[in-house]
>>> print(open('entry02.csv').read())   # CSV, C-alpha atoms
chain,number,residue,atom,x,y,z
A,1,MET,CA,80.7,64.2,171.6
A,2,LYS,CA,79.3,63.1,168.3
A,3,TRP,CA,82.3,64.2,166.3
A,4,ASN,CA,84.7,62.3,168.6
A,5,ARG,CA,82.7,59.2,168.3
A,6,THR,CA,82.4,59.5,164.5
A,7,VAL,CA,86.1,60.0,163.9
A,8,MET,CA,86.9,57.2,166.4
A,9,TRP,CA,84.8,54.7,164.5
A,10,ILE,CA,86.3,55.8,161.2
A,11,GLY,CA,89.8,55.6,162.7
A,12,THR,CA,89.1,52.1,164.2
A,13,ALA,CA,87.7,50.9,160.9
A,14,THR,CA,90.7,52.3,159.1
A,15,ILE,CA,93.2,50.5,161.5
A,16,VAL,CA,91.4,47.2,161.2
A,17,GLY,CA,91.0,47.6,157.4
A,18,PHE,CA,94.7,48.5,157.1
A,19,LEU,CA,95.7,45.3,159.0
A,20,VAL,CA,93.3,43.2,156.8
A,21,VAL,CA,94.5,44.5,153.5
A,22,THR,CA,98.2,44.3,154.3
A,23,MET,CA,98.3,41.1,156.3
A,24,THR,CA,95.8,38.9,154.3
A,25,PRO,CA,95.6,37.9,150.6
A,26,ILE,CA,92.2,39.8,150.3
A,27,THR,CA,94.0,42.6,148.3
A,28,ASN,CA,95.6,40.1,146.0
A,29,MET,CA,92.2,38.4,145.4
A,30,THR,CA,90.5,41.8,144.7
A,31,ALA,CA,93.3,42.7,142.2
A,32,GLU,CA,93.2,39.4,140.5
A,33,ALA,CA,89.5,39.8,139.9
A,34,LEU,CA,90.2,43.0,138.1
A,35,VAL,CA,93.0,41.6,135.9
A,36,ILE,CA,92.4,40.5,132.3
A,37,PRO,CA,94.3,37.2,131.4
A,38,SER,CA,97.2,37.4,129.1
A,39,GLU,CA,96.5,36.6,125.4
A,40,LEU,CA,99.8,36.4,123.7
A,41,LYS,CA,98.8,35.9,120.0
A,42,PRO,CA,100.2,37.1,116.7
A,43,ALA,CA,99.1,40.6,115.9
A,44,ASP,CA,99.7,43.4,113.5
A,45,ALA,CA,101.4,45.7,116.1
A,46,ILE,CA,102.6,45.7,119.6
A,47,VAL,CA,101.6,48.9,121.5
A,48,VAL,CA,103.7,49.8,124.6
A,49,LEU,CA,101.7,52.3,126.6
A,50,GLY,CA,103.4,55.2,128.3
A,51,SER,CA,104.1,55.4,132.0
A,52,GLY,CA,106.2,58.5,132.5
A,53,ILE,CA,109.7,59.7,132.1
A,54,LEU,CA,111.9,61.0,134.9
A,55,GLY,CA,113.3,64.5,135.1
A,56,ASP,CA,116.8,63.3,133.9
A,57,GLY,CA,115.4,61.7,130.8
A,58,THR,CA,115.6,58.1,132.0
A,59,LEU,CA,112.7,55.8,132.1
A,60,GLY,CA,110.9,55.0,135.3
A,61,TYR,CA,110.6,51.5,136.6
A,62,GLU,CA,107.1,50.9,135.2
A,63,SER,CA,108.1,52.3,131.9
A,64,GLN,CA,111.2,50.0,131.7
A,65,GLN,CA,109.0,47.0,132.6
A,66,ARG,CA,106.6,47.7,129.8
A,67,LEU,CA,109.3,48.4,127.3
A,68,LEU,CA,111.2,45.3,128.1
A,69,PHE,CA,108.1,43.2,127.7
A,70,GLY,CA,107.2,44.9,124.4
A,71,LEU,CA,110.7,44.2,123.1
A,72,ARG,CA,110.5,40.5,124.1
A,73,LEU,CA,107.1,40.2,122.3
A,74,TYR,CA,108.7,41.7,119.2
A,75,LYS,CA,111.7,39.4,119.4
A,76,GLN,CA,109.3,36.4,119.7
A,77,GLY,CA,107.9,37.5,116.4
A,78,LEU,CA,104.4,38.2,117.6
A,79,ALA,CA,104.1,41.4,115.5
A,80,PRO,CA,106.1,43.2,112.8
A,81,LEU,CA,105.6,46.6,114.3
A,82,LEU,CA,106.4,48.2,117.7
A,83,ILE,CA,104.5,51.3,118.7
A,84,MET,CA,106.2,53.2,121.5
A,85,SER,CA,104.1,55.7,123.4
A,86,GLY,CA,104.8,58.5,125.9
A,87,PRO,CA,105.1,62.2,126.0
A,88,GLY,CA,108.1,64.2,127.2
A,89,ARG,CA,108.7,66.7,130.0
A,90,ARG,CA,110.3,70.1,129.9
A,91,ASN,CA,113.9,69.9,128.5
A,92,VAL,CA,113.6,66.1,128.3
A,93,ALA,CA,113.1,63.9,125.2
A,94,PRO,CA,109.7,62.2,125.0
A,95,GLU,CA,109.4,58.8,126.7
A,96,ALA,CA,108.4,57.2,123.3
A,97,THR,CA,111.7,58.6,121.7
A,98,VAL,CA,113.8,57.3,124.6
A,99,ARG,CA,112.1,53.9,124.3
A,100,ALA,CA,112.6,53.8,120.5
A,101,ARG,CA,116.3,54.7,120.9
A,102,ILE,CA,116.7,51.8,123.4
A,103,GLY,CA,114.8,49.5,121.0
A,104,SER,CA,117.1,50.4,118.2
A,105,GLU,CA,120.2,49.9,120.3
A,106,LEU,CA,119.0,46.5,121.1
A,107,GLY,CA,118.6,45.5,117.5
A,108,ILE,CA,115.0,46.4,116.6
A,109,PRO,CA,115.0,47.9,113.0
A,110,GLU,CA,114.1,51.6,113.1
A,111,SER,CA,111.6,50.9,110.3
A,112,ALA,CA,109.7,48.6,112.7
A,113,ILE,CA,109.3,51.3,115.4
A,114,LEU,CA,106.6,54.0,115.5
A,115,GLU,CA,106.5,56.8,118.1
A,116,MET,CA,103.5,58.5,119.7
A,117,THR,CA,104.7,61.5,121.6
A,118,ASP,CA,101.7,63.8,121.7
A,119,VAL,CA,99.6,61.6,124.0
A,120,LEU,CA,98.6,62.5,127.5
A,121,THR,CA,96.0,59.9,128.5
A,122,THR,CA,95.1,56.3,127.7
A,123,ARG,CA,92.3,57.6,125.5
A,124,ASP,CA,94.7,59.7,123.5
A,125,GLU,CA,96.9,56.7,123.1
A,126,ALA,CA,94.0,54.6,121.8
A,127,GLN,CA,92.9,57.3,119.3
A,128,GLU,CA,96.5,58.0,118.1
A,129,THR,CA,97.2,54.3,117.7
A,130,ALA,CA,94.0,53.8,115.6
A,131,ALA,CA,95.0,56.9,113.5
A,132,LEU,CA,98.6,55.6,113.0
A,133,LEU,CA,97.4,52.1,112.0
A,134,LYS,CA,94.6,53.2,109.8
A,135,PRO,CA,96.7,53.6,106.6
A,136,ARG,CA,98.3,50.2,107.2
A,137,ASN,CA,94.9,48.6,107.7
A,138,PRO,CA,95.8,46.2,110.5
A,139,SER,CA,93.3,45.7,113.3
A,140,ARG,CA,94.9,43.5,115.8
A,141,VAL,CA,97.2,44.9,118.5
A,142,LEU,CA,99.1,43.4,121.4
A,143,LEU,CA,98.6,45.9,124.2
A,144,VAL,CA,101.4,46.2,126.7
A,145,THR,CA,100.6,47.9,130.0
A,146,GLU,CA,100.5,47.0,133.7
A,147,ALA,CA,98.0,44.3,134.7
A,148,LEU,CA,95.7,46.6,136.7
A,149,HIS,CA,95.6,49.2,133.9
A,150,MET,CA,94.7,46.6,131.2
A,151,ARG,CA,90.9,46.5,131.7
A,152,ARG,CA,90.4,50.2,131.0
A,153,ALA,CA,93.1,50.3,128.3
A,154,LYS,CA,91.8,47.3,126.4
A,155,ARG,CA,88.2,48.7,126.4
A,156,ILE,CA,89.3,52.1,125.2
A,157,PHE,CA,91.4,50.6,122.4
A,158,GLU,CA,88.5,48.4,121.4
A,159,MET,CA,86.3,51.6,121.3
A,160,ALA,CA,88.8,53.1,118.9
A,161,GLY,CA,88.1,50.2,116.5
A,162,LEU,CA,91.0,47.9,117.3
A,163,SER,CA,91.1,44.2,118.2
A,164,VAL,CA,93.1,43.9,121.3
A,165,PHE,CA,95.1,41.1,122.8
A,166,ALA,CA,96.1,41.8,126.4
A,167,ALA,CA,99.8,41.5,127.2
A,168,PRO,CA,100.1,42.6,130.8
A,169,SER,CA,103.7,43.5,131.6
A,170,ASP,CA,103.6,42.4,135.2
A,171,ASN,CA,102.0,39.9,137.5
A,172,TYR,CA,102.0,42.1,140.5
A,173,PRO,CA,98.5,41.2,141.8
A,174,ALA,CA,99.7,37.6,142.2
A,175,ILE,CA,103.2,38.2,143.6
A,176,ALA,CA,102.6,41.0,146.1
A,177,GLY,CA,103.1,38.9,149.2
A,178,ASN,CA,104.3,41.2,151.9
A,179,PRO,CA,102.4,44.0,153.7
A,180,HIS,CA,104.4,46.8,151.9
A,181,ASP,CA,103.7,45.4,148.4
A,182,ARG,CA,100.0,44.8,149.3
A,183,LEU,CA,99.6,48.4,150.4
A,184,LYS,CA,101.1,49.5,147.1
A,185,LEU,CA,98.8,47.0,145.3
A,186,LEU,CA,95.8,48.5,147.1
A,187,ILE,CA,96.8,52.0,146.0
A,188,ASN,CA,97.0,50.8,142.4
A,189,ILE,CA,93.6,49.1,142.7
A,190,LEU,CA,92.1,52.4,143.9
A,191,ILE,CA,93.8,54.4,141.2
A,192,HIS,CA,92.9,52.1,138.3
A,193,SER,CA,89.3,51.4,139.6
A,194,SER,CA,88.8,55.2,139.8
A,195,GLY,CA,90.1,55.5,136.3
A,196,LEU,CA,87.7,52.8,135.1
A,197,VAL,CA,84.7,54.5,136.8
A,198,TYR,CA,85.8,57.9,135.4
A,199,TYR,CA,86.0,56.5,131.8
A,200,LYS,CA,82.6,54.9,132.2
A,201,ILE,CA,81.0,58.1,133.6
A,202,ALA,CA,82.6,60.2,130.9
A,203,GLY,CA,81.2,57.8,128.3
A,204,TYR,CA,84.6,56.9,126.9
A,205,ILE,CA,84.1,53.1,127.4
B,1,MET,CA,105.1,35.3,154.2
B,2,THR,CA,108.8,34.9,154.9
B,3,LEU,CA,110.9,36.1,157.8
B,4,ASP,CA,112.2,38.9,155.5
B,5,ASP,CA,108.6,40.1,155.0
B,6,LEU,CA,107.7,40.0,158.7
B,7,TYR,CA,111.0,41.2,160.1
B,8,ILE,CA,110.1,44.9,160.7
B,9,TYR,CA,106.7,43.9,162.2
B,10,ILE,CA,108.4,41.5,164.6
B,11,LEU,CA,110.9,44.3,165.4
B,12,VAL,CA,108.1,46.8,166.2
B,13,ALA,CA,106.2,44.2,168.3
B,14,LEU,CA,109.4,43.5,170.3
B,15,THR,CA,110.2,47.1,171.0
B,16,SER,CA,106.5,47.8,171.8
B,17,GLY,CA,106.6,45.0,174.4
B,18,LEU,CA,109.9,46.2,175.8
B,19,VAL,CA,108.9,49.8,176.1
B,20,TYR,CA,105.5,48.7,177.7
B,21,TYR,CA,107.4,46.7,180.3
B,22,LEU,CA,109.8,49.5,181.1
B,23,ALA,CA,107.0,52.1,181.1
B,24,VAL,CA,104.9,50.2,183.6
B,25,LYS,CA,107.7,48.7,185.8
B,26,ARG,CA,110.3,51.4,185.8
B,27,PHE,CA,108.5,54.7,185.0
B,28,ARG,CA,105.2,53.7,186.8
B,29,LEU,CA,103.0,54.7,183.8
B,30,ASN,CA,99.4,53.7,184.3
B,31,PRO,CA,98.4,50.9,181.9
B,32,LYS,CA,94.7,51.7,182.3
B,33,VAL,CA,95.3,55.0,180.5
B,34,LEU,CA,96.2,53.1,177.4
B,35,ARG,CA,92.6,52.5,176.4
B,36,PRO,CA,91.6,56.2,176.2
B,37,VAL,CA,95.0,56.8,174.5
B,38,PHE,CA,94.0,54.2,171.8
B,39,GLU,CA,90.6,55.9,171.5
B,40,GLU,CA,92.3,59.3,171.0
B,41,PHE,CA,94.7,57.8,168.5
B,42,SER,CA,91.7,56.3,166.6
B,43,GLN,CA,90.1,59.7,166.6
B,44,CYS,CA,93.2,61.2,165.1
B,45,ILE,CA,93.3,58.5,162.4
B,46,GLY,CA,89.7,59.1,161.6
B,47,ALA,CA,90.2,62.8,161.3
B,48,PHE,CA,93.2,62.1,159.0
B,49,ILE,CA,91.1,59.9,156.8
B,50,LEU,CA,88.4,62.6,156.5
B,51,PHE,CA,91.1,65.2,155.5
B,52,LEU,CA,92.6,62.7,153.0
B,53,LEU,CA,89.1,62.3,151.4
B,54,LEU,CA,88.6,66.0,151.4
B,55,ASN,CA,92.0,66.7,149.9
B,56,ALA,CA,91.5,64.0,147.3
B,57,GLY,CA,88.0,65.1,146.4
B,58,ILE,CA,88.9,68.8,146.0
B,59,GLY,CA,92.1,67.8,144.3
B,60,VAL,CA,90.2,65.8,141.6
B,61,VAL,CA,87.7,68.7,141.1
B,62,GLY,CA,90.7,71.1,140.9
B,63,ALA,CA,92.4,69.0,138.3
B,64,PHE,CA,89.3,69.0,136.1
B,65,PHE,CA,89.0,72.7,136.6
B,66,ILE,CA,92.6,73.3,135.5
B,67,ARG,CA,92.0,71.0,132.5
B,68,THR,CA,88.9,73.0,131.6
B,69,VAL,CA,90.3,76.5,131.9
B,70,TRP,CA,94.0,76.1,131.2
B,71,ARG,CA,95.8,72.9,130.2
B,72,PHE,CA,95.9,69.1,130.6
B,73,PHE,CA,96.5,68.3,134.3
B,74,PRO,CA,97.1,64.6,135.3
B,75,LEU,CA,94.8,63.1,137.9
B,76,TYR,CA,97.7,61.0,139.1
B,77,THR,CA,99.0,64.1,140.8
B,78,VAL,CA,96.4,63.5,143.5
B,79,THR,CA,97.9,60.1,144.3
B,80,ASP,CA,101.2,61.7,145.5
B,81,LEU,CA,102.3,60.0,148.7
B,82,MET,CA,103.0,63.4,150.2
B,83,LEU,CA,99.2,64.1,150.2
B,84,VAL,CA,98.9,61.2,152.7
B,85,PHE,CA,101.5,62.6,155.0
B,86,LEU,CA,100.1,66.2,154.8
B,87,SER,CA,96.6,64.9,155.4
B,88,ALA,CA,97.8,63.0,158.5
B,89,ILE,CA,99.4,66.2,159.9
B,90,GLN,CA,96.1,68.1,159.2
B,91,GLY,CA,94.0,65.4,160.7
B,92,PHE,CA,96.1,65.0,163.9
B,93,LEU,CA,96.4,68.7,164.5
B,94,PHE,CA,92.7,69.3,163.9
B,95,GLN,CA,91.7,66.5,166.2
B,96,LEU,CA,94.0,67.7,169.0
B,97,TRP,CA,92.7,71.2,168.5
B,98,TRP,CA,89.1,70.0,168.6
B,99,ARG,CA,89.7,68.1,171.9
B,100,ARG,CA,91.4,71.0,173.6
B,101,SER,CA,88.6,73.4,172.5
B,102,ARG,CA,85.5,71.2,172.9
B,103,GLY,CA,86.7,68.3,175.2
>>> encode(input="entry02.csv", output="structure tokens")
Amino acid sequence: MKWNRTVMWIGTATIVGFLVVTMTPITNMTAEALVIPSELKPADAIVVLGSGILGDGTLGYESQQRLLFGLRLYKQGLAPLLIMSGPGRRNVAPEATVRARIGSELGIPESAILEMTDVLTTRDEAQETAALLKPRNPSRVLLVTEALHMRRAKRIFEMAGLSVFAAPSDNYPAIAGNPHDRLKLLINILIHSSGLVYYKIAGYI
Amino acid sequence: MTLDDLYIYILVALTSGLVYYLAVKRFRLNPKVLRPVFEEFSQCIGAFILFLLLNAGIGVVGAFFIRTVWRFFPLYTVTDLMLVFLSAIQGFLFQLWWRRSRG
């Protein structure tokens, strides 16, 4: 039967592919090819991109990771301004507000923190950042997001007229060493590559 | 990779070997049937992948449709792990149904 043969080949290819991507470093190599190297230079602002807030108002793991890295960059004196991004959910404070609160509690002056709460996509974040920074006339931002998201994020921020230094908040492509982590890495590669293709097709970048 | 990374895979390999031995020696299962069993399993996996692609494709189109006619709808919704499990159920059931109906 033609159908049975077709699905058998697809299934066999999937099983072999699954073993290859989880048991060999090919996934790490693919991810590392997509990653933009870190450029930690003095800038006018640090922009910590949103990643999502949980239903109880706490930050998710990825959000915490980005926040922590943004706070460290601020403490290192790389920029005088910290822009926190992230919308809210129903009955929950926006991610940006929660992050700003944590920043204040950890000693960042409130005057050094700006919040972007009405942003839903990376493109929104780029446009809102450009609008926020326009009166202050700075042009260089340190962009904090996960490594695999950085290529699309950097490009869309540049399209908004900003000079961008990449500040990836993780090194996951290099450290994912076991099959479970590699599978997660593969899913992230697929998500962010699709995002990149979508932004290109839509003419955003 | 360390032993911690490989532990569950070693565990599964050991239990597979043990069950194979018991199945053949004790329960007299025919090892020659394993090949067509693997083929059927591959077919089910193939059908699962096709359902996953179908669900993801329609899901993306649906997300854009909701964005157009109603409100912002995140594409990340389509990456929910549950979609993988549900597609697997769809694929396995469909393939078993197909085999029973069409051989």
>>> interface_residues(input="entry02.csv", of="chain B", to="chain A", cutoff="10 Å", atoms="all atoms listed in the file", output="PDB file with C-alpha atoms, in the coordinates of the input")
ATOM      1  CA  MET B   1     105.100  35.300 154.200  1.00  0.00           C
ATOM      2  CA  THR B   2     108.800  34.900 154.900  1.00  0.00           C
ATOM      3  CA  ASP B   4     112.200  38.900 155.500  1.00  0.00           C
ATOM      4  CA  ASP B   5     108.600  40.100 155.000  1.00  0.00           C
ATOM      5  CA  LEU B   6     107.700  40.000 158.700  1.00  0.00           C
ATOM      6  CA  TYR B   9     106.700  43.900 162.200  1.00  0.00           C
ATOM      7  CA  PHE B  38      94.000  54.200 171.800  1.00  0.00           C
ATOM      8  CA  GLU B  39      90.600  55.900 171.500  1.00  0.00           C
ATOM      9  CA  GLU B  40      92.300  59.300 171.000  1.00  0.00           C
ATOM     10  CA  PHE B  41      94.700  57.800 168.500  1.00  0.00           C
ATOM     11  CA  SER B  42      91.700  56.300 166.600  1.00  0.00           C
ATOM     12  CA  GLN B  43      90.100  59.700 166.600  1.00  0.00           C
ATOM     13  CA  CYS B  44      93.200  61.200 165.100  1.00  0.00           C
ATOM     14  CA  ILE B  45      93.300  58.500 162.400  1.00  0.00           C
ATOM     15  CA  GLY B  46      89.700  59.100 161.600  1.00  0.00           C
ATOM     16  CA  ALA B  47      90.200  62.800 161.300  1.00  0.00           C
ATOM     17  CA  PHE B  48      93.200  62.100 159.000  1.00  0.00           C
ATOM     18  CA  ILE B  49      91.100  59.900 156.800  1.00  0.00           C
ATOM     19  CA  LEU B  50      88.400  62.600 156.500  1.00  0.00           C
ATOM     20  CA  PHE B  72      95.900  69.100 130.600  1.00  0.00           C
ATOM     21  CA  PHE B  73      96.500  68.300 134.300  1.00  0.00           C
ATOM     22  CA  PRO B  74      97.100  64.600 135.300  1.00  0.00           C
ATOM     23  CA  LEU B  75      94.800  63.100 137.900  1.00  0.00           C
ATOM     24  CA  TYR B  76      97.700  61.000 139.100  1.00  0.00           C
ATOM     25  CA  VAL B  78      96.400  63.500 143.500  1.00  0.00           C
ATOM     26  CA  THR B  79      97.900  60.100 144.300  1.00  0.00           C
ATOM     27  CA  GLN B  95      91.700  66.500 166.200  1.00  0.00           C
ATOM     28  CA  TRP B  98      89.100  70.000 168.600  1.00  0.00           C
ATOM     29  CA  ARG B  99      89.700  68.100 171.900  1.00  0.00           C
ATOM     30  CA  ARG B 102      85.500  71.200 172.900  1.00  0.00           C
ATOM     31  CA  GLY B 103      86.700  68.300 175.200  1.00  0.00           C
TER      32      GLY B 103
END
>>> atom_distance(input="entry02.csv", atom1="CA of Ala160 in chain A", atom2="CA of Gln127 in chain A")
5.9 Å
>>> residues_around(input="entry02.csv", residues="Ser163 in chain A", least_positions_apart="2", cutoff="6 Å", atoms="only C-alpha atoms", output="ChimeraX atom specification")
/A:139-140,158
>>> closest_residue(input="entry02.csv", among="A:Thr58, A:Thr30, A:Gln65, A:Ser194", to="Val60 in chain B", atoms="all atoms listed in the file")
A:Ser194
>>> residues_around(input="entry02.csv", residues="range 59-62 of chain A", least_positions_apart="5", cutoff="8 Å", atoms="only C-alpha atoms", output="list in words")
Ser51, Gly52, Ile53, Leu54, Glu95, Val98 and Glu146 of chain A
>>> atom_distance(input="entry02.csv", atom1="CA of Leu73 in chain A", atom2="CA of Gly103 in chain A")
12.1 Å
>>> atom_distance(input="entry02.csv", atom1="CA of Gly77 in chain A", atom2="CA of Pro42 in chain A")
7.7 Å
>>> build_atoms(input="entry02.csv", residues="range 92-102 of chain A", atoms="all heavy atoms", output="mmCIF file, keeping the file's coordinate frame")
data_model
loop_
_atom_site.group_PDB
_atom_site.id
_atom_site.type_symbol
_atom_site.label_atom_id
_atom_site.label_comp_id
_atom_site.auth_asym_id
_atom_site.auth_seq_id
_atom_site.Cartn_x
_atom_site.Cartn_y
_atom_site.Cartn_z
ATOM 1 N N VAL A 92 113.313 67.501 128.302
ATOM 2 C CA VAL A 92 113.600 66.100 128.300
ATOM 3 C C VAL A 92 112.961 65.449 127.066
ATOM 4 O O VAL A 92 111.829 65.805 126.723
ATOM 5 C CB VAL A 92 113.092 65.396 129.585
ATOM 6 C CG1 VAL A 92 113.134 63.889 129.465
ATOM 7 C CG2 VAL A 92 113.904 65.852 130.789
ATOM 8 N N ALA A 93 113.669 64.526 126.413
ATOM 9 C CA ALA A 93 113.100 63.900 125.200
ATOM 10 C C ALA A 93 111.861 63.065 125.616
ATOM 11 O O ALA A 93 111.766 62.580 126.739
ATOM 12 C CB ALA A 93 114.145 62.926 124.626
ATOM 13 N N PRO A 94 110.910 62.924 124.683
ATOM 14 C CA PRO A 94 109.700 62.200 125.000
ATOM 15 C C PRO A 94 110.031 60.703 125.380
ATOM 16 O O PRO A 94 111.005 60.132 124.876
ATOM 17 C CB PRO A 94 108.888 62.220 123.719
ATOM 18 C CG PRO A 94 109.402 63.389 122.984
ATOM 19 C CD PRO A 94 110.845 63.517 123.339
ATOM 20 N N GLU A 95 109.194 60.162 126.243
ATOM 21 C CA GLU A 95 109.400 58.800 126.700
ATOM 22 C C GLU A 95 109.385 57.831 125.462
ATOM 23 O O GLU A 95 110.209 56.912 125.395
ATOM 24 C CB GLU A 95 108.178 58.404 127.590
ATOM 25 C CG GLU A 95 108.213 56.999 128.136
ATOM 26 C CD GLU A 95 106.959 56.687 128.949
ATOM 27 O OE1 GLU A 95 106.011 57.502 128.958
ATOM 28 O OE2 GLU A 95 106.930 55.611 129.563
ATOM 29 N N ALA A 96 108.505 58.094 124.472
ATOM 30 C CA ALA A 96 108.400 57.200 123.300
ATOM 31 C C ALA A 96 109.768 57.249 122.525
ATOM 32 O O ALA A 96 110.237 56.207 122.047
ATOM 33 C CB ALA A 96 107.309 57.711 122.365
ATOM 34 N N THR A 97 110.393 58.427 122.441
ATOM 35 C CA THR A 97 111.700 58.600 121.700
ATOM 36 C C THR A 97 112.778 57.809 122.447
ATOM 37 O O THR A 97 113.594 57.115 121.825
ATOM 38 C CB THR A 97 112.020 60.051 121.567
ATOM 39 O OG1 THR A 97 110.914 60.710 120.958
ATOM 40 C CG2 THR A 97 113.264 60.261 120.745
ATOM 41 N N VAL A 98 112.799 57.964 123.773
ATOM 42 C CA VAL A 98 113.800 57.300 124.600
ATOM 43 C C VAL A 98 113.644 55.747 124.405
ATOM 44 O O VAL A 98 114.616 54.997 124.215
ATOM 45 C CB VAL A 98 113.717 57.665 126.065
ATOM 46 C CG1 VAL A 98 114.674 56.850 126.920
ATOM 47 C CG2 VAL A 98 113.984 59.147 126.226
ATOM 48 N N ARG A 99 112.405 55.310 124.435
ATOM 49 C CA ARG A 99 112.100 53.900 124.300
ATOM 50 C C ARG A 99 112.549 53.393 122.878
ATOM 51 O O ARG A 99 113.132 52.321 122.731
ATOM 52 C CB ARG A 99 110.640 53.602 124.473
ATOM 53 C CG ARG A 99 110.210 53.666 125.915
ATOM 54 C CD ARG A 99 108.703 53.658 125.990
ATOM 55 N NE ARG A 99 108.222 53.106 127.242
ATOM 56 C CZ ARG A 99 106.945 52.900 127.504
ATOM 57 N NH1 ARG A 99 106.021 53.205 126.624
ATOM 58 N NH2 ARG A 99 106.580 52.374 128.656
ATOM 59 N N ALA A 100 112.220 54.208 121.875
ATOM 60 C CA ALA A 100 112.600 53.800 120.500
ATOM 61 C C ALA A 100 114.087 53.720 120.354
ATOM 62 O O ALA A 100 114.601 52.796 119.704
ATOM 63 C CB ALA A 100 112.009 54.853 119.516
ATOM 64 N N ARG A 101 114.794 54.665 120.999
ATOM 65 C CA ARG A 101 116.300 54.700 120.900
ATOM 66 C C ARG A 101 116.805 53.366 121.573
ATOM 67 O O ARG A 101 117.681 52.701 121.017
ATOM 68 C CB ARG A 101 116.798 55.883 121.684
ATOM 69 C CG ARG A 101 118.195 56.298 121.297
ATOM 70 C CD ARG A 101 118.621 57.535 122.078
ATOM 71 N NE ARG A 101 117.762 58.690 121.880
ATOM 72 C CZ ARG A 101 117.496 59.614 122.821
ATOM 73 N NH1 ARG A 101 118.008 59.500 124.019
ATOM 74 N NH2 ARG A 101 116.722 60.641 122.551
ATOM 75 N N ILE A 102 116.256 53.020 122.716
ATOM 76 C CA ILE A 102 116.700 51.800 123.400
ATOM 77 C C ILE A 102 116.399 50.568 122.513
ATOM 78 O O ILE A 102 117.229 49.668 122.357
ATOM 79 C CB ILE A 102 116.033 51.648 124.780
ATOM 80 C CG1 ILE A 102 116.527 52.760 125.712
ATOM 81 C CG2 ILE A 102 116.323 50.280 125.406
ATOM 82 C CD1 ILE A 102 115.782 52.863 127.029
#
